[in-house]
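*Asks:* I'd like to ask some things about the structure below.
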Amino acid sequence: MINLPRAVLVALLLSSTCGFAAASDRVYYSVTMNEKLIGYAFVETTPVKKDGQDLTVLRSLTSIKVTMLGKPHTIVVESQTLMKPAAGQLMEYRSTIKTNDVKQHIDCEFSPGVVRTWSYNEGDKKGSPVETSLPEGALLLGGNNFGHWRQFTGAAPGRAKNGKASIPAFIPDAKAIESFELTRTGSENLTVLGVLRPCSVWRHAKTGMTFWLDSKANELVRFDIAFEQVTVALADENIVKQAEKSRAEEVLSRHFLQSNVAFDNYRTVTLVRAELDAQLIGTGLESSPSALTTPMQKFEGKIDEGRVKGILTVRSQPYDGKDSPRLPIQAGGHPASATRPELYIESDDPAIVARSAELAKGAANSWDAVLRIARWVHANVSYTIGDTPSARLALEKRSGDCGPHATLTVALLRAAGIPARLVGGLMYASTFGGSFGQHAWVEVYQGPAGWVALDPTTGEYGKISATHIRLFEGLGGVIPRSINVLAYEPPNQTPQASPPKAAKALPWKLKHNYTYRFRQNDKDIGTEVFALDAVDRDGKPAYEFKCDLNLKIAALVIEGKGVMVVGPNGLPKSFHREMNTGGTKYTLDCTFRDGAVDAKLSGVKELQKEIKIPAGAYCFDNNMMTSWAMICSQLDYATGMDLNLSFYHPSSMQIIPITVKTGPVEPIVIDDKKVECYKCDMPAISNTIWVTRDRKLVRAKQANVVIELVE
């Protein structure tokens, strides 16, 4: 997922014609998301002497901490701008952005009408600068520099005509000029740090930002980013300690919305017709209704300030490489920008150029090269929530989410002379019980065939599933508000699980300890010990299972404690698990009710969601035989019978349909004791289990791991 909402990681402005104030006290700002404190910033100006000149340094620091699908991200942005205050002339700009362990630098040097920009990662050579012409009156648009915002908003009233200020700005990240328009929308009194301050109100429609500027002091006191639900406001120095103590806010889960249809296999879906209401953010705001209509997709509706409302029909379009042009593809039929390096798509990076040449060498045509490159990225870049969508870093680290997968693929293709572009929108995934979530993929130009879509993250080439809903090009983002699947093809094949029948007698003794032994390659690696007891839950009878897990796989130690409460028929009521995996501690909590589960992940990760679940859904989790012990005790077994069941999986917050294929009764031996069991295969999770005639789970096997009940 690219252009993730890293709290106010948006472009910030600095007027190159506006003078700085003299030395002043440090000014603090709070940063909140969804009314929760996620960070702070301070800005300060300092007069300095350099080479006999009186100069001013504007320094800014912004610190933000968030989580993305449970993964903590700490973002610290430090920057400073050097200028001649008397002439209002910019001289230098330096910015360092640290996200977790990744540190990036942007350096700018200014001279009349020109700026030279270097962008590089920690430890790399600066390389050659990119020169950009600066139009008269252009501003500097750095990242997360609240001092820049103060200068920008202070300059806007002086540039306004009829309540509007149109301002060109240089963006160092993109090494490009863009135009920005602020509109004054009125006046409002705000109470700031206990003081009532009359303010003029300005709005930047494209980003959904609103600014409050003190009418007398001409000082920025607050700004809101509506699409991100972020507010930045004047604060005092105490905000630093408050922010350091605050818990990280989850920022990615709102980019996922549970689908009203749970697809058996999203890869096989060839048609989706859906009613959609979604908010585009970032460059996605530039999309028009016509941009949402492609050979693969039809849009009926409207877009207003990035709000997409309407009906989309998506059909998979197969492509077999017929009439694919030779390499390199000649100009014509595609924009030149689809062949050049750009922000996060470093197609001129030496390592990317070398890898691209290696992969494309000997390709029969451009489509052959496309397949080689996309398949290599899919096979060699592991999936993890990334710190940056940089193609160069994805190649170096060999990991990242869909953003780095897509940008690296585009960069490798462009380096091979194949026009390619980054696209994004929503795609169906099993996350959060089956959801449409923000996603990025790739389109390549193939001559007579035009633009062809492929997805290196999911490994779809030549035909991507119709669950890909294209909403923007480039580094955009989307927050889905509602989505309703009206029609789809082909229909689901897995029958819906029927609710469990009346409770069956348990094969387990109450208040008795049972032990499951884990073995890998015939070597003991640990145990799970569990016991159950009868309890009362909401005035109704229930069973409570408690378990202790202790595993050691090579040097990795996995420890966990769990408590699960189920009804007499095995349906879950609550689930609690505390885990320590190689020193990483986290807690899972689930409360089940009719048709939904309230799920919470906490510890080093923070995430809370309400997830709709089908009637009759059971619950199981990784390496928790206790959960399977209860489920198996409530099923009916007969040779040749298929049991179609639905399960909620707490660790991934997924709904998983599983067919239990019951095989013949066969004798097995556990610790020299012969036991007759039904052998049951579960292809969906690559497991085989053995259950006794009285429905006691005694063995489970997956790959080279065997788990057996040893009493």
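All residue names refer to the structure tokens as shown: chains lettered A, B, ... in order, residues numbered from 1 in each chain, ligands numbered from 1 in order.
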Which residues of range 576-682 of chain A sit at most 12 Å from range 514-524 of chain A, using only C-alpha atoms? Give each one's shortest atom pair and distance in Å (one decimal place), in chain and ascending residue order, as a tab-separated table.
*Replies:*
residue	atom	partner	partner_atom	distance
A:Asn623	CA	A:Phe518	CA	9.4
A:Met624	CA	A:Tyr516	CA	9.7
A:Met625	CA	A:Tyr516	CA	7.4
A:Thr626	CA	A:Tyr516	CA	9.0
A:Trp628	CA	A:Tyr516	CA	11.6
A:Ala629	CA	A:Tyr516	CA	10.4
A:Ile670	CA	A:Arg517	CA	10.7
A:Asp671	CA	A:Arg517	CA	11.1
*Asks:* Do a neighbour search on range 51-68 of chain A at 9 Å with only C-alpha atoms, toss out local chain neighbours closer than 2 positions, and write the hits as a count of residues only.
*Replies:* 57
*Asks:* Ranking A:Arg267, A:Arg470, A:Arg699, A:His649 by minimum distance to Ala453 in chain A and counting only C-alpha atoms, which one comes first?
*Replies:*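 Selected residue with least distance to Ala453 in chain A: A:Arg470.
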*Asks:* Tell me, as a PyMOL selection string, which residues lie within 6 Å of Lys511 in chain A, counting only C-alpha atoms; anything in the same chain fewer than 5 positions away does not count.
*Replies:* chain A and resi 531-533
*Asks:* Would you mind telling me which residue in A:Ser347, A:Thr153, A:Thr431, A:Ser633 lies nearest to Arg392 in chain A when using only C-alpha atoms?
*Replies:*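 Nearest candidate to Arg392 in chain A out of A:Ser347, A:Thr153, A:Thr431, A:Ser633: A:Ser347.
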*Asks:* Have a look at A:Asp694, A:Asp124, A:Asp538, A:Asp320 and name the one nearest to Val370 in chain A; count only C-alpha atoms.
*Replies:* A:Asp320
*Asks:* Running DSSP on the backbone, which parts of range 310-479 of chain A land in alpha helix (DSSP H), as a PyMOL selection string?
*Replies:* chain A and resi 350-360+366-380+391-397+402-415
*Asks:* Please indicate the distance in Å from CA of Asp277 in chain A to CA of Ser259 in chain A, rounded to one decimal place.
*Replies:* 12.9 Å
*Asks:* DSSP on the backbone, then: every residue of range 237-331 of chain A marked strand (DSSP E), written as a short mmCIF file (atom, residue, chain, number, x, y, z; two decimals) with N, CA and C atoms, in the first residue's frame.
*Replies:*
data_model
loop_
_atom_site.label_atom_id
_atom_site.label_comp_id
_atom_site.auth_asym_id
_atom_site.auth_seq_id
_atom_site.Cartn_x
_atom_site.Cartn_y
_atom_site.Cartn_z
N GLU A 249 -1.31 5.26 17.19
CA GLU A 249 -2.62 5.13 16.58
C GLU A 249 -2.53 4.29 15.31
N GLU A 250 -3.43 3.32 15.17
CA GLU A 250 -3.47 2.52 13.95
C GLU A 250 -4.01 3.36 12.80
N PHE A 256 -9.28 -0.31 4.97
CA PHE A 256 -9.91 -1.58 4.65
C PHE A 256 -11.37 -1.54 5.10
N LEU A 257 -12.25 -2.10 4.28
CA LEU A 257 -13.67 -2.14 4.61
C LEU A 257 -14.18 -3.53 4.29
N GLN A 258 -14.82 -4.16 5.28
CA GLN A 258 -15.25 -5.54 5.09
C GLN A 258 -16.29 -5.63 3.99
N LEU A 271 -15.62 -10.99 -12.78
CA LEU A 271 -16.54 -9.86 -12.87
C LEU A 271 -16.92 -9.42 -11.47
N VAL A 272 -16.85 -8.12 -11.24
CA VAL A 272 -17.37 -7.52 -10.00
C VAL A 272 -18.12 -6.25 -10.38
N ARG A 273 -19.35 -6.15 -9.91
CA ARG A 273 -20.14 -4.93 -10.05
C ARG A 273 -20.45 -4.47 -8.63
N ALA A 274 -19.99 -3.27 -8.28
CA ALA A 274 -20.10 -2.83 -6.89
C ALA A 274 -20.49 -1.36 -6.81
N GLU A 275 -21.28 -1.05 -5.78
CA GLU A 275 -21.62 0.33 -5.46
C GLU A 275 -20.61 0.83 -4.44
N LEU A 276 -19.95 1.95 -4.76
CA LEU A 276 -18.80 2.40 -3.97
C LEU A 276 -18.94 3.84 -3.53
N ASP A 277 -18.51 4.10 -2.30
CA ASP A 277 -18.34 5.46 -1.78
C ASP A 277 -16.97 5.48 -1.13
N ALA A 278 -16.04 6.26 -1.69
CA ALA A 278 -14.67 6.25 -1.19
C ALA A 278 -14.05 7.64 -1.31
N GLN A 279 -13.14 7.94 -0.39
CA GLN A 279 -12.41 9.21 -0.41
C GLN A 279 -10.99 8.97 -0.91
N LEU A 280 -10.63 9.61 -2.01
CA LEU A 280 -9.26 9.54 -2.51
C LEU A 280 -8.41 10.56 -1.78
N ILE A 281 -7.13 10.23 -1.58
CA ILE A 281 -6.20 11.15 -0.93
C ILE A 281 -4.93 11.21 -1.75
N GLY A 282 -4.10 12.22 -1.48
CA GLY A 282 -2.85 12.37 -2.23
C GLY A 282 -3.13 12.68 -3.68
N GLN A 297 -12.58 -1.58 -16.88
CA GLN A 297 -13.45 -1.03 -15.86
C GLN A 297 -14.38 0.05 -16.41
N LYS A 298 -15.62 0.06 -15.93
CA LYS A 298 -16.60 1.09 -16.28
C LYS A 298 -17.10 1.74 -15.01
N PHE A 299 -17.18 3.10 -15.03
CA PHE A 299 -17.63 3.84 -13.85
C PHE A 299 -18.85 4.67 -14.19
N GLU A 300 -19.87 4.55 -13.35
CA GLU A 300 -21.08 5.35 -13.48
C GLU A 300 -21.29 6.10 -12.17
N GLY A 301 -20.98 7.40 -12.16
CA GLY A 301 -21.11 8.17 -10.94
C GLY A 301 -20.40 9.49 -11.05
N LYS A 302 -19.93 10.02 -9.93
CA LYS A 302 -19.25 11.31 -9.94
C LYS A 302 -18.13 11.33 -8.92
N ILE A 303 -17.20 12.29 -9.14
CA ILE A 303 -16.11 12.55 -8.21
C ILE A 303 -16.16 14.02 -7.83
N ASP A 304 -16.23 14.30 -6.54
CA ASP A 304 -16.28 15.67 -6.05
C ASP A 304 -15.22 15.83 -4.97
N ARG A 307 -13.98 12.63 -3.67
CA ARG A 307 -14.99 11.69 -3.14
C ARG A 307 -15.62 10.96 -4.33
N VAL A 308 -15.40 9.65 -4.40
CA VAL A 308 -15.92 8.83 -5.48
C VAL A 308 -17.21 8.17 -5.02
N LYS A 309 -18.29 8.41 -5.76
CA LYS A 309 -19.56 7.79 -5.44
C LYS A 309 -20.20 7.30 -6.74
N GLY A 310 -20.51 6.01 -6.80
CA GLY A 310 -21.11 5.48 -8.01
C GLY A 310 -20.99 3.98 -8.08
N ILE A 311 -21.21 3.45 -9.27
CA ILE A 311 -21.17 2.01 -9.50
C ILE A 311 -20.02 1.70 -10.46
N LEU A 312 -19.19 0.75 -10.07
CA LEU A 312 -18.08 0.32 -10.91
C LEU A 312 -18.31 -1.12 -11.34
N THR A 313 -18.05 -1.37 -12.62
CA THR A 313 -18.11 -2.72 -13.16
C THR A 313 -16.73 -3.07 -13.67
N VAL A 314 -16.14 -4.11 -13.11
CA VAL A 314 -14.78 -4.52 -13.47
C VAL A 314 -14.82 -5.91 -14.07
N ARG A 315 -14.18 -6.07 -15.24
CA ARG A 315 -14.07 -7.37 -15.90
C ARG A 315 -12.61 -7.68 -16.18
#
*Asks:* One decimal, Å: what's the distance from CA of Met564 in chain A over to CA of Ile685 in chain A, could you say?
*Replies:*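 About the pair CA of Met564 in chain A and CA of Ile685 in chain A: they are 21.6 Å apart.
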*Asks:* Can you pull out every residue within 7 Å of range 166-169 of chain A, counting only C-alpha atoms, but drop anything in the same chain fewer than 4 positions away, and send it as a list in words?
*Replies:* Ala138, Leu139, Leu140, Leu141, Ile177, Glu178, Ser179, Phe180, Glu181 and Leu182 of chain A
*Asks:* One decimal, Å: what's the distance from CA of His576 in chain A over to CA of Ala534 in chain A, could you say?
*Replies:*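 Taking CA of His576 in chain A as the start and CA of Ala534 in chain A as the end point, the length is 17.2 Å.
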*Asks:* Please list as a PyMOL selection string every residue within 6 Å of Asn189 in chain A, counting only C-alpha atoms and excluding residues in the same chain fewer than 2 positions away.
*Replies:* chain A and resi 197-199
*Asks:* Please list as a tab-separated table (two decimals) with N, CA, C and O atoms, in the first residue's frame every residue within 8 Å of Thr384 in chain A, counting only C-alpha atoms and excluding residues in the same chain fewer than 6 positions away.
*Replies:*
chain	number	residue	atom	x	y	z
A	399	SER	N	12.21	-6.69	0.55
A	399	SER	CA	10.97	-6.79	1.31
A	399	SER	C	10.17	-5.51	1.14
A	399	SER	O	10.71	-4.47	0.76
A	400	GLY	N	8.88	-5.60	1.42
A	400	GLY	CA	8.01	-4.43	1.33
A	400	GLY	C	6.58	-4.86	1.08
A	400	GLY	O	6.30	-6.03	0.79
A	401	ASP	N	5.65	-3.91	1.19
A	401	ASP	CA	4.26	-4.21	0.92
A	401	ASP	C	3.98	-4.01	-0.57
A	401	ASP	O	4.90	-3.99	-1.39
*Asks:* Out of A:Tyr488, A:Trp149, A:Phe170, A:Tyr344, which residue has the shortest atom-to-atom distance to Val261 in chain A when counting only C-alpha atoms?
*Replies:*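 The answer is A:Tyr488, which sits nearest to Val261 in chain A.
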*Asks:* May I have the residues within 7 Å of Pro657 in chain A as a VMD selection string, using only C-alpha atoms and disregarding those fewer than 6 positions away in the same chain?
*Replies:* chain A and resid 645 to 647
